[in-house]
$ cat work.txt   # compact mmCIF, C-alpha atoms
# COMPACT_ATOMS: atom_id res chain seq x y z
CA MET Q 1 224.45 -2.42 123.37
CA THR Q 2 227.40 -0.08 122.97
CA ASP Q 3 229.02 0.36 119.58
CA ALA Q 4 232.02 2.70 119.72
CA THR Q 5 232.74 3.86 116.18
CA THR Q 6 236.29 3.81 114.89
CA ALA Q 7 236.29 7.00 112.85
CA PRO Q 8 238.87 9.55 114.04
CA ALA Q 9 237.78 12.51 116.07
CA THR Q 10 238.17 15.96 114.56
CA GLY Q 11 238.94 19.10 116.51
CA THR Q 12 238.75 22.83 116.06
CA THR Q 13 238.92 25.70 118.55
CA GLY Q 14 237.55 28.94 117.17
CA ALA Q 15 237.58 30.19 113.59
CA ASP Q 16 240.28 28.90 111.27
CA PRO Q 17 241.28 31.58 108.74
CA ALA Q 18 241.87 28.79 106.22
CA VAL Q 19 238.18 27.89 106.30
CA GLY Q 20 236.38 29.80 103.57
CA THR Q 21 232.65 30.36 103.21
CA VAL Q 22 230.55 27.44 104.44
CA LEU Q 23 227.34 26.84 102.52
CA VAL Q 24 224.64 25.37 104.76
CA THR Q 25 221.70 23.85 102.91
CA GLY Q 26 218.45 23.42 104.80
CA ALA Q 27 219.52 26.40 106.88
CA THR Q 28 216.06 26.98 108.37
CA GLY Q 29 215.68 23.30 109.32
CA THR Q 30 216.36 21.30 112.47
CA THR Q 31 220.08 20.64 112.03
CA GLY Q 32 220.88 23.27 109.40
CA SER Q 33 219.79 26.21 111.54
CA ARG Q 34 221.76 24.91 114.51
CA THR Q 35 224.86 24.21 112.41
CA ALA Q 36 224.78 27.67 110.85
CA ALA Q 37 224.37 29.32 114.27
CA LEU Q 38 227.33 27.43 115.75
CA LEU Q 39 229.51 28.24 112.74
CA LEU Q 40 228.67 31.92 113.09
CA ALA Q 41 229.37 31.85 116.81
CA ALA Q 42 232.83 30.44 116.04
CA GLY Q 43 233.51 33.29 113.61
CA HIS Q 44 233.09 31.48 110.30
CA ARG Q 45 231.53 32.93 107.16
CA VAL Q 46 228.19 31.26 106.54
CA ARG Q 47 225.86 31.24 103.55
CA ALA Q 48 222.45 30.11 104.77
CA ALA Q 49 220.58 28.44 101.93
CA SER Q 50 216.90 27.56 101.91
CA ARG Q 51 213.83 27.79 99.72
CA ARG Q 52 212.47 30.52 101.99
CA ALA Q 53 215.56 32.73 101.89
CA ALA Q 54 215.04 36.42 101.23
CA GLU Q 55 217.12 39.55 100.91
CA PRO Q 56 219.43 39.92 103.94
CA SER Q 57 217.33 42.73 105.40
CA ARG Q 58 214.21 40.56 105.16
CA ALA Q 59 215.64 37.15 106.03
CA PRO Q 60 213.15 34.76 107.64
CA ALA Q 61 213.02 34.73 111.42
CA THR Q 62 214.40 31.19 111.47
CA ALA Q 63 217.52 32.10 109.47
CA PRO Q 64 220.66 32.51 111.60
CA ALA Q 65 221.52 36.15 112.35
CA SER Q 66 224.46 37.58 110.39
CA ALA Q 67 224.54 34.74 107.86
CA GLU Q 68 224.36 35.60 104.18
CA SER Q 69 220.92 34.42 103.07
CA VAL Q 70 220.50 32.82 99.65
CA ARG Q 71 217.61 31.07 97.97
CA PHE Q 72 218.30 27.40 97.23
CA ASP Q 73 216.03 24.66 95.95
CA TRP Q 74 217.26 21.12 95.21
CA TYR Q 75 214.69 20.97 92.40
CA ASP Q 76 215.69 24.27 90.77
CA PRO Q 77 219.20 24.18 89.21
CA ALA Q 78 218.90 27.91 88.52
CA THR Q 79 219.51 28.46 92.25
CA PHE Q 80 222.74 26.43 92.37
CA ASP Q 81 225.32 28.94 91.12
CA ASP Q 82 224.43 31.76 93.52
CA ALA Q 83 224.49 29.34 96.44
CA LEU Q 84 227.89 27.94 95.45
CA ALA Q 85 229.67 31.17 94.51
CA GLY Q 86 232.85 31.34 96.61
CA ALA Q 87 231.84 28.48 98.91
CA GLU Q 88 234.63 26.11 100.01
CA ARG Q 89 232.64 23.76 102.27
CA VAL Q 90 229.05 22.60 102.26
CA TYR Q 91 226.65 21.01 104.72
CA LEU Q 92 224.19 18.85 102.83
CA VAL Q 93 220.65 18.24 104.07
CA PRO Q 94 218.85 15.95 101.60
CA PRO Q 95 215.48 17.03 100.22
CA VAL Q 96 212.76 15.99 102.66
CA GLY Q 97 210.50 13.15 101.57
CA GLU Q 98 212.44 12.42 98.38
CA PRO Q 99 212.65 8.63 97.80
CA ASP Q 100 215.55 9.01 95.31
CA PRO Q 101 217.73 11.85 96.66
CA ALA Q 102 220.73 10.80 94.54
CA ALA Q 103 218.94 11.81 91.35
CA VAL Q 104 218.36 15.27 92.83
CA MET Q 105 221.61 15.77 94.75
CA LEU Q 106 224.36 14.35 92.54
CA PRO Q 107 224.01 16.98 89.76
CA PHE Q 108 224.39 19.68 92.42
CA LEU Q 109 227.40 17.94 93.98
CA ARG Q 110 229.17 17.66 90.63
CA ARG Q 111 228.57 21.36 90.08
CA ALA Q 112 229.83 22.08 93.60
CA ARG Q 113 233.09 20.26 92.90
CA THR Q 114 233.56 22.22 89.67
CA ALA Q 115 232.80 25.47 91.53
CA GLY Q 116 235.62 24.86 94.01
CA VAL Q 117 233.94 23.23 97.00
CA ARG Q 118 236.58 21.01 98.60
CA ARG Q 119 234.79 19.58 101.64
CA ALA Q 120 231.26 18.18 101.89
CA VAL Q 121 229.47 16.95 105.01
CA LEU Q 122 226.32 14.93 104.34
CA LEU Q 123 223.45 14.38 106.77
CA SER Q 124 222.33 10.77 106.45
CA SER Q 125 220.89 8.29 108.97
CA SER Q 126 222.13 5.53 111.23
CA ALA Q 127 219.56 3.31 109.52
CA VAL Q 128 221.01 3.85 106.03
CA PRO Q 129 224.46 2.37 105.31
CA GLU Q 130 226.79 3.39 102.50
CA GLY Q 131 225.24 2.21 99.26
CA GLY Q 132 221.91 1.57 100.97
CA PRO Q 133 218.55 2.97 99.89
CA ALA Q 134 217.81 6.66 99.39
CA VAL Q 135 220.65 8.83 100.75
CA GLY Q 136 222.91 5.78 101.00
CA VAL Q 137 223.59 6.17 97.28
CA VAL Q 138 224.79 9.75 97.85
CA HIS Q 139 226.95 8.49 100.73
CA ARG Q 140 228.64 6.03 98.40
CA ALA Q 141 229.31 8.72 95.78
CA LEU Q 142 230.69 11.40 98.13
CA PRO Q 143 234.33 10.17 98.46
CA GLY Q 144 234.64 10.06 94.67
CA LEU Q 145 233.55 13.68 94.38
CA PHE Q 146 235.48 15.36 97.21
CA ASP Q 147 238.90 14.74 98.76
CA GLU Q 148 237.54 15.97 102.11
CA TRP Q 149 234.22 14.64 103.32
CA ALA Q 150 232.16 13.22 106.15
CA VAL Q 151 228.80 11.50 106.44
CA LEU Q 152 226.85 12.09 109.63
CA ARG Q 153 224.63 9.13 110.45
CA PRO Q 154 222.55 10.19 113.46
CA SER Q 155 219.97 8.00 115.11
CA TRP Q 156 216.39 9.26 115.38
CA PHE Q 157 216.15 12.89 116.53
CA MET Q 158 214.95 13.73 120.01
CA GLN Q 159 213.31 16.75 118.38
CA ASN Q 160 210.84 14.36 116.70
CA PHE Q 161 209.02 14.58 120.04
CA THR Q 162 209.39 18.31 120.67
CA GLY Q 163 209.16 20.13 117.31
CA GLU Q 164 206.84 19.83 114.31
CA HIS Q 165 207.32 16.12 113.54
CA VAL Q 166 204.19 13.92 113.42
CA HIS Q 167 205.14 12.44 116.82
CA ALA Q 168 205.41 15.87 118.44
CA ARG Q 169 202.06 16.92 117.01
CA SER Q 170 200.35 13.74 118.22
CA ILE Q 171 201.83 14.27 121.71
CA ARG Q 172 200.43 17.80 121.81
CA GLU Q 173 197.06 16.96 120.25
CA ASP Q 174 196.07 13.68 121.90
CA GLY Q 175 198.92 12.53 124.15
CA THR Q 176 199.97 9.60 121.98
CA ILE Q 177 203.03 8.36 120.11
CA LEU Q 178 202.11 5.94 117.30
CA THR Q 179 204.81 3.63 115.92
CA ALA Q 180 205.41 0.15 114.58
CA ALA Q 181 208.65 -0.07 116.57
CA GLY Q 182 207.20 -2.14 119.40
CA ALA Q 183 209.64 -2.45 122.31
CA GLY Q 184 212.66 -1.76 120.11
CA ARG Q 185 215.28 0.54 121.59
CA ILE Q 186 216.83 3.57 119.86
CA GLY Q 187 219.79 5.75 120.79
CA PHE Q 188 217.81 8.97 120.19
CA VAL Q 189 220.11 11.95 119.60
CA ASP Q 190 219.75 15.70 120.25
CA ALA Q 191 219.88 17.88 117.13
CA ASP Q 192 222.18 20.23 119.07
CA ASP Q 193 224.70 17.39 119.30
CA ILE Q 194 224.37 16.62 115.60
CA ALA Q 195 225.10 20.26 114.80
CA ALA Q 196 228.11 20.32 117.11
CA VAL Q 197 229.59 17.33 115.32
CA ALA Q 198 228.73 18.88 111.94
CA VAL Q 199 230.75 22.01 112.78
CA HIS Q 200 233.79 19.93 113.69
CA ALA Q 201 233.41 17.86 110.54
CA LEU Q 202 233.15 21.00 108.41
CA THR Q 203 236.01 22.95 109.97
CA GLY Q 204 238.31 20.49 111.75
CA ASP Q 205 241.72 19.48 110.43
CA PRO Q 206 242.03 16.90 109.06
CA ALA Q 207 238.65 16.12 107.57
CA PRO Q 208 237.05 12.97 109.00
CA ASN Q 209 236.83 11.20 105.61
CA ALA Q 210 234.54 8.70 107.34
CA ASP Q 211 230.95 8.13 108.36
CA LEU Q 212 230.08 9.00 111.95
CA ILE Q 213 227.23 7.23 113.74
CA LEU Q 214 225.70 9.63 116.28
CA THR Q 215 223.51 8.66 119.23
CA GLY Q 216 222.53 9.96 122.61
CA PRO Q 217 223.78 8.39 125.84
CA ASP Q 218 220.95 5.86 126.23
CA ALA Q 219 218.99 3.44 124.06
CA LEU Q 220 215.31 4.03 124.87
CA THR Q 221 211.99 2.53 123.85
CA HIS Q 222 209.07 4.68 122.77
CA ASP Q 223 207.43 3.71 126.06
CA ASP Q 224 210.43 5.30 127.83
CA ILE Q 225 210.06 8.43 125.71
CA ALA Q 226 206.34 8.66 126.49
CA ALA Q 227 206.97 8.28 130.22
CA ILE Q 228 209.59 11.02 130.28
CA ALA Q 229 207.43 13.34 128.17
CA ALA Q 230 204.51 12.79 130.55
CA GLU Q 231 206.66 13.52 133.61
CA VAL Q 232 208.08 16.70 132.12
CA THR Q 233 204.83 18.12 130.77
CA GLY Q 234 202.54 16.88 133.52
CA CYS Q 235 200.17 15.60 130.83
CA PRO Q 236 199.37 11.97 129.95
CA VAL Q 237 201.47 10.58 127.09
CA VAL Q 238 201.34 6.95 125.93
CA HIS Q 239 202.97 4.90 123.19
CA ARG Q 240 200.56 2.88 121.06
CA SER Q 241 201.84 0.16 118.74
CA LEU Q 242 200.64 -0.08 115.15
CA THR Q 243 201.25 -2.83 112.64
CA HIS Q 244 203.68 -2.18 109.81
CA GLU Q 245 200.75 -1.80 107.41
CA GLU Q 246 198.83 0.56 109.69
CA LEU Q 247 201.84 2.85 110.05
CA ARG Q 248 202.60 2.76 106.33
CA ASP Q 249 199.04 3.74 105.44
CA ARG Q 250 198.95 6.48 108.07
CA LEU Q 251 202.18 8.01 106.79
CA ALA Q 252 201.10 7.66 103.16
CA ALA Q 253 198.42 10.25 103.86
CA LEU Q 254 201.18 12.72 104.74
CA MET Q 255 203.93 11.95 102.20
CA PRO Q 256 204.73 9.98 99.02
CA ALA Q 257 203.75 6.32 99.37
CA GLU Q 258 207.25 5.04 98.60
CA PHE Q 259 208.80 7.17 101.33
CA ALA Q 260 206.06 6.18 103.78
CA GLY Q 261 206.80 2.53 103.09
CA MET Q 262 210.51 3.07 103.71
CA LEU Q 263 209.81 4.73 107.08
CA ALA Q 264 207.48 1.90 108.08
CA ASP Q 265 210.21 -0.58 107.14
CA MET Q 266 212.60 1.30 109.42
CA ASP Q 267 210.17 0.97 112.33
CA ARG Q 268 209.97 -2.76 111.73
CA ALA Q 269 213.78 -2.93 111.78
CA ILE Q 270 213.77 -1.03 115.09
CA ALA Q 271 211.37 -3.58 116.54
CA GLU Q 272 213.87 -6.26 115.52
CA GLY Q 273 216.73 -4.48 117.34
CA ALA Q 274 218.48 -2.68 114.48
CA GLU Q 275 218.91 0.59 116.42
CA ASP Q 276 219.61 -0.81 119.89
CA ARG Q 277 223.03 0.79 120.30
CA THR Q 278 224.88 3.82 121.57
CA THR Q 279 228.18 5.25 120.36
CA ASP Q 280 230.80 7.57 121.87
CA THR Q 281 231.15 9.65 118.70
CA VAL Q 282 229.65 12.87 120.07
CA ARG Q 283 231.98 12.81 123.06
CA ARG Q 284 235.08 11.97 121.00
CA VAL Q 285 234.42 14.63 118.41
CA THR Q 286 233.15 17.48 120.58
CA GLY Q 287 234.88 16.70 123.90
CA ARG Q 288 231.62 16.59 125.86
CA SER Q 289 228.94 14.00 126.55
CA PRO Q 290 225.77 13.91 124.41
CA HIS Q 291 222.54 15.21 125.90
CA GLY Q 292 219.99 12.76 127.28
CA PHE Q 293 216.31 12.86 126.36
CA ARG Q 294 215.19 14.08 129.78
CA GLN Q 295 217.55 17.06 129.45
CA VAL Q 296 216.16 17.89 126.01
CA ALA Q 297 212.56 17.40 127.16
CA GLU Q 298 213.14 19.76 130.11
CA ARG Q 299 214.58 22.29 127.70
CA GLU Q 300 212.01 22.04 124.91
CA LEU Q 301 208.80 20.32 126.04
CA ARG Q 302 208.47 22.27 129.28
CA ARG Q 303 209.16 25.49 127.38
CA GLY Q 304 206.57 24.52 124.77
CA ARG Q 305 203.99 23.82 127.45
$ encode --input "work.txt" --output "structure tokens"
Amino acid sequence: MTDATTAPATGTTGADPAVGTVLVTGATGTTGSRTAALLLAAGHRVRAASRRAAEPSRAPATAPASAESVRFDWYDPATFDDALAGAERVYLVPPVGEPDPAAVMLPFLRRARTAGVRRAVLLSSSAVPEGGPAVGVVHRALPGLFDEWAVLRPSWFMQNFTGEHVHARSIREDGTILTAAGAGRIGFVDADDIAAVAVHALTGDPAPNADLILTGPDALTHDDIAAIAAEVTGCPVVHRSLTHEELRDRLAALMPAEFAGMLADMDRAIAEGAEDRTTDTVRRVTGRSPHGFRQVAERELRRGR
């Protein structure tokens, strides 16, 4: 199913002198590191914020080169002021595994508005609507806090199968992908494409002031993903279906039980067709087509092997 979103495209070509410092939270993570790198490549001033940040001369290897590094922890308000000093725009990556991100994020966002931040771009999920659970509450609050804003709602990341996600580890360790998604299809999206849209949302004129649902070009099952991964790596990879309860209990050993239950619920929704869609948002915003999973697998799984 194709679902072309109606939010307006944003455009920018090169650094805009009107764009001040961009604070990137989660700057050593999957989308944050990519977003910071693209901003730097376009000539923007970037403050890369993460819990592992160090002095500039000793910045972690995963921090983007030439970005100002600053320590930031959602759970430590003492880190907020240094991160926000002089920042005009902010990319928001919610705290990982937090079942109630609004309680953690909204105090920071109110401080950001007071400190002079005028545009905020939030990373959410295609599975979480405005006002929905978890980060959906932050989504609902964002337009009331900032005149310029965007909410990125990507589908499941392709990097879940190539990086350090539980799926990627199980592929490497025993050639399996374990889900409760059954034969449900998902418009898996490349984190590089998410970052490209994030840069446009942060720096384009005008601001999107909308939520943007991001997918790849195809809606695939986990069986499709396993088959492509096996072809690219030359190693057997299979998808094995779990029940909702089996997945919930497996995840609960790795994260808070409430968050594990929410993820298991999302897999059940996938099995029922909730994510069987693609959108043209990446193409409209960036001017190029989104990457397919085979392209990403050739780039990252073959390299990893």
$ residues_near_point --input "work.txt" --point "(205.9, 18.6, 121.1)" --cutoff "9 Å" --atoms "all atoms listed in the file" --output "compact mmCIF listing (two decimals) with C-alpha atoms, in the frame of the given file"
# COMPACT_ATOMS: atom_id res chain seq x y z
CA GLN Q 159 213.31 16.75 118.38
CA ASN Q 160 210.84 14.36 116.70
CA PHE Q 161 209.02 14.58 120.04
CA THR Q 162 209.39 18.31 120.67
CA GLY Q 163 209.16 20.13 117.31
CA GLU Q 164 206.84 19.83 114.31
CA HIS Q 165 207.32 16.12 113.54
CA HIS Q 167 205.14 12.44 116.82
CA ALA Q 168 205.41 15.87 118.44
CA ARG Q 169 202.06 16.92 117.01
CA SER Q 170 200.35 13.74 118.22
CA ILE Q 171 201.83 14.27 121.71
CA ARG Q 172 200.43 17.80 121.81
CA ALA Q 229 207.43 13.34 128.17
CA GLU Q 300 212.01 22.04 124.91
CA LEU Q 301 208.80 20.32 126.04
CA GLY Q 304 206.57 24.52 124.77
CA ARG Q 305 203.99 23.82 127.45
$ residues_near_point --input "work.txt" --point "(234.7, 14.0, 90.2)" --cutoff "8 Å" --atoms "only C-alpha atoms" --output "PyMOL selection string"
chain Q and resi 110+113+144-146
$ atom_distance --input "work.txt" --atom1 "CA of Gly86 (chain Q)" --atom2 "CA of Met105 (chain Q)"
19.3 Å
$ closest_residue --input "work.txt" --among "Q:Ala27, Q:Ile270, Q:Leu247, Q:Leu106" --to "Trp156 (chain Q)" --atoms "only C-alpha atoms"
Q:Ile270
$ closest_residue --input "work.txt" --among "Q:Thr176, Q:Thr215, Q:Thr233, Q:Thr30" --to "Thr281 (chain Q)" --atoms "only C-alpha atoms"
Q:Thr215
$ atom_distance --input "work.txt" --atom1 "CA of Gly261 (chain Q)" --atom2 "CA of Pro107 (chain Q)"
26.1 Å
$ closest_residue --input "work.txt" --among "Q:Pro206, Q:Gly32, Q:Pro236, Q:Gly187" --to "Pro290 (chain Q)" --atoms "all atoms listed in the file"
Q:Gly187
$ closest_residue --input "work.txt" --among "Q:Ala257, Q:Ala252, Q:Ala198, Q:Ala274" --to "Thr286 (chain Q)" --atoms "only C-alpha atoms"
Q:Ala198
$ residues_around --input "work.txt" --residues "Val22 (chain Q)" --least-positions-apart "2" --cutoff "9 Å" --atoms "all atoms listed in the file" --output "number ranges by chain"
Q: 19-20, 24, 36, 39, 44-48, 87-91, 202-203
$ write_last_selection --input "work.txt" --atoms "C-alpha atoms" --output "PDB file, in the frame of the given file"
ATOM      1  CA  VAL Q  19     238.180  27.890 106.300  1.00  0.00           C
ATOM      2  CA  GLY Q  20     236.380  29.800 103.570  1.00  0.00           C
ATOM      3  CA  VAL Q  24     224.640  25.370 104.760  1.00  0.00           C
ATOM      4  CA  ALA Q  36     224.780  27.670 110.850  1.00  0.00           C
ATOM      5  CA  LEU Q  39     229.510  28.240 112.740  1.00  0.00           C
ATOM      6  CA  HIS Q  44     233.090  31.480 110.300  1.00  0.00           C
ATOM      7  CA  ARG Q  45     231.530  32.930 107.160  1.00  0.00           C
ATOM      8  CA  VAL Q  46     228.190  31.260 106.540  1.00  0.00           C
ATOM      9  CA  ARG Q  47     225.860  31.240 103.550  1.00  0.00           C
ATOM     10  CA  ALA Q  48     222.450  30.110 104.770  1.00  0.00           C
ATOM     11  CA  ALA Q  87     231.840  28.480  98.910  1.00  0.00           C
ATOM     12  CA  GLU Q  88     234.630  26.110 100.010  1.00  0.00           C
ATOM     13  CA  ARG Q  89     232.640  23.760 102.270  1.00  0.00           C
ATOM     14  CA  VAL Q  90     229.050  22.600 102.260  1.00  0.00           C
ATOM     15  CA  TYR Q  91     226.650  21.010 104.720  1.00  0.00           C
ATOM     16  CA  LEU Q 202     233.150  21.000 108.410  1.00  0.00           C
ATOM     17  CA  THR Q 203     236.010  22.950 109.970  1.00  0.00           C
TER      18      THR Q 203
END
$ atom_distance --input "work.txt" --atom1 "CA of Pro95 (chain Q)" --atom2 "CA of Pro208 (chain Q)"
23.6 Å
$ residues_around --input "work.txt" --residues "Glu246 (chain Q)" --least-positions-apart "4" --cutoff "10 Å" --atoms "all atoms listed in the file" --output "list in words"
Leu178, Thr179, Ala180, Ser241, Leu242, Arg250, Leu251, Ala252 and Ala264 of chain Q
$ residues_around --input "work.txt" --residues "Pro133 (chain Q)" --least-positions-apart "5" --cutoff "9 Å" --atoms "all atoms listed in the file" --output "PDB file with C-alpha atoms, keeping the file's coordinate frame"
ATOM      1  CA  PRO Q  99     212.650   8.630  97.800  1.00  0.00           C
ATOM      2  CA  ASP Q 100     215.550   9.010  95.310  1.00  0.00           C
ATOM      3  CA  VAL Q 128     221.010   3.850 106.030  1.00  0.00           C
ATOM      4  CA  MET Q 262     210.510   3.070 103.710  1.00  0.00           C
TER       5      MET Q 262
END
$ residues_around --input "work.txt" --residues "Ala85 (chain Q)" --least-positions-apart "6" --cutoff "12 Å" --atoms "all atoms listed in the file" --output "ChimeraX atom specification"
/Q:20-23,47,68,70,79,111-117
$ closest_residue --input "work.txt" --among "Q:Ala210, Q:Ala196, Q:Val237, Q:Leu40" --to "Gly287 (chain Q)" --atoms "only C-alpha atoms"
Q:Ala196
$ residues_around --input "work.txt" --residues "Phe108 (chain Q)" --least-positions-apart "6" --cutoff "10 Å" --atoms "all atoms listed in the file" --output "list in words"
Trp74, Tyr75, Asp76, Pro77, Phe80, Asp81, Leu84, Ala102 and Thr114 of chain Q
$ closest_residue --input "work.txt" --among "Q:Ile194, Q:Ala18, Q:Ala41, Q:Ala134" --to "Phe157 (chain Q)" --atoms "all atoms listed in the file"
Q:Ile194
$ build_atoms --input "work.txt" --residues "region 233-246 of chain Q" --atoms "N, CA, C and O atoms" --output "compact mmCIF listing (two decimals), keeping the file's coordinate frame"
# COMPACT_ATOMS: atom_id res chain seq x y z
N THR Q 233 205.93 17.22 131.10
CA THR Q 233 204.83 18.12 130.77
C THR Q 233 203.71 18.09 131.80
O THR Q 233 202.90 19.02 131.86
N GLY Q 234 203.65 17.02 132.59
CA GLY Q 234 202.54 16.88 133.52
C GLY Q 234 201.26 16.47 132.85
O GLY Q 234 200.17 16.53 133.46
N CYS Q 235 201.34 16.03 131.59
CA CYS Q 235 200.17 15.60 130.83
C CYS Q 235 200.33 14.13 130.44
O CYS Q 235 201.46 13.68 130.19
N PRO Q 236 199.25 13.37 130.33
CA PRO Q 236 199.37 11.97 129.95
C PRO Q 236 199.93 11.82 128.53
O PRO Q 236 199.50 12.51 127.61
N VAL Q 237 200.92 10.93 128.39
CA VAL Q 237 201.47 10.58 127.09
C VAL Q 237 201.68 9.07 127.07
O VAL Q 237 202.29 8.53 128.00
N VAL Q 238 201.17 8.40 126.03
CA VAL Q 238 201.34 6.95 125.93
C VAL Q 238 201.85 6.59 124.54
O VAL Q 238 201.62 7.32 123.56
N HIS Q 239 202.53 5.46 124.47
CA HIS Q 239 202.97 4.90 123.19
C HIS Q 239 202.00 3.81 122.79
O HIS Q 239 201.74 2.89 123.58
N ARG Q 240 201.47 3.89 121.58
CA ARG Q 240 200.56 2.88 121.06
C ARG Q 240 201.17 2.23 119.83
O ARG Q 240 201.60 2.93 118.90
N SER Q 241 201.20 0.90 119.84
CA SER Q 241 201.84 0.16 118.74
C SER Q 241 200.87 -0.04 117.59
O SER Q 241 199.70 -0.40 117.78
N LEU Q 242 201.37 0.19 116.38
CA LEU Q 242 200.64 -0.08 115.15
C LEU Q 242 201.32 -1.25 114.44
O LEU Q 242 202.48 -1.55 114.68
N THR Q 243 200.60 -1.87 113.52
CA THR Q 243 201.25 -2.83 112.64
C THR Q 243 202.03 -2.08 111.58
O THR Q 243 201.83 -0.86 111.38
N HIS Q 244 202.92 -2.78 110.91
CA HIS Q 244 203.68 -2.18 109.81
C HIS Q 244 202.73 -1.56 108.79
O HIS Q 244 202.95 -0.43 108.32
N GLU Q 245 201.69 -2.27 108.44
CA GLU Q 245 200.75 -1.80 107.41
C GLU Q 245 199.97 -0.58 107.89
O GLU Q 245 199.74 0.37 107.12
N GLU Q 246 199.57 -0.59 109.15
CA GLU Q 246 198.83 0.56 109.69
C GLU Q 246 199.70 1.81 109.67
O GLU Q 246 199.23 2.90 109.31
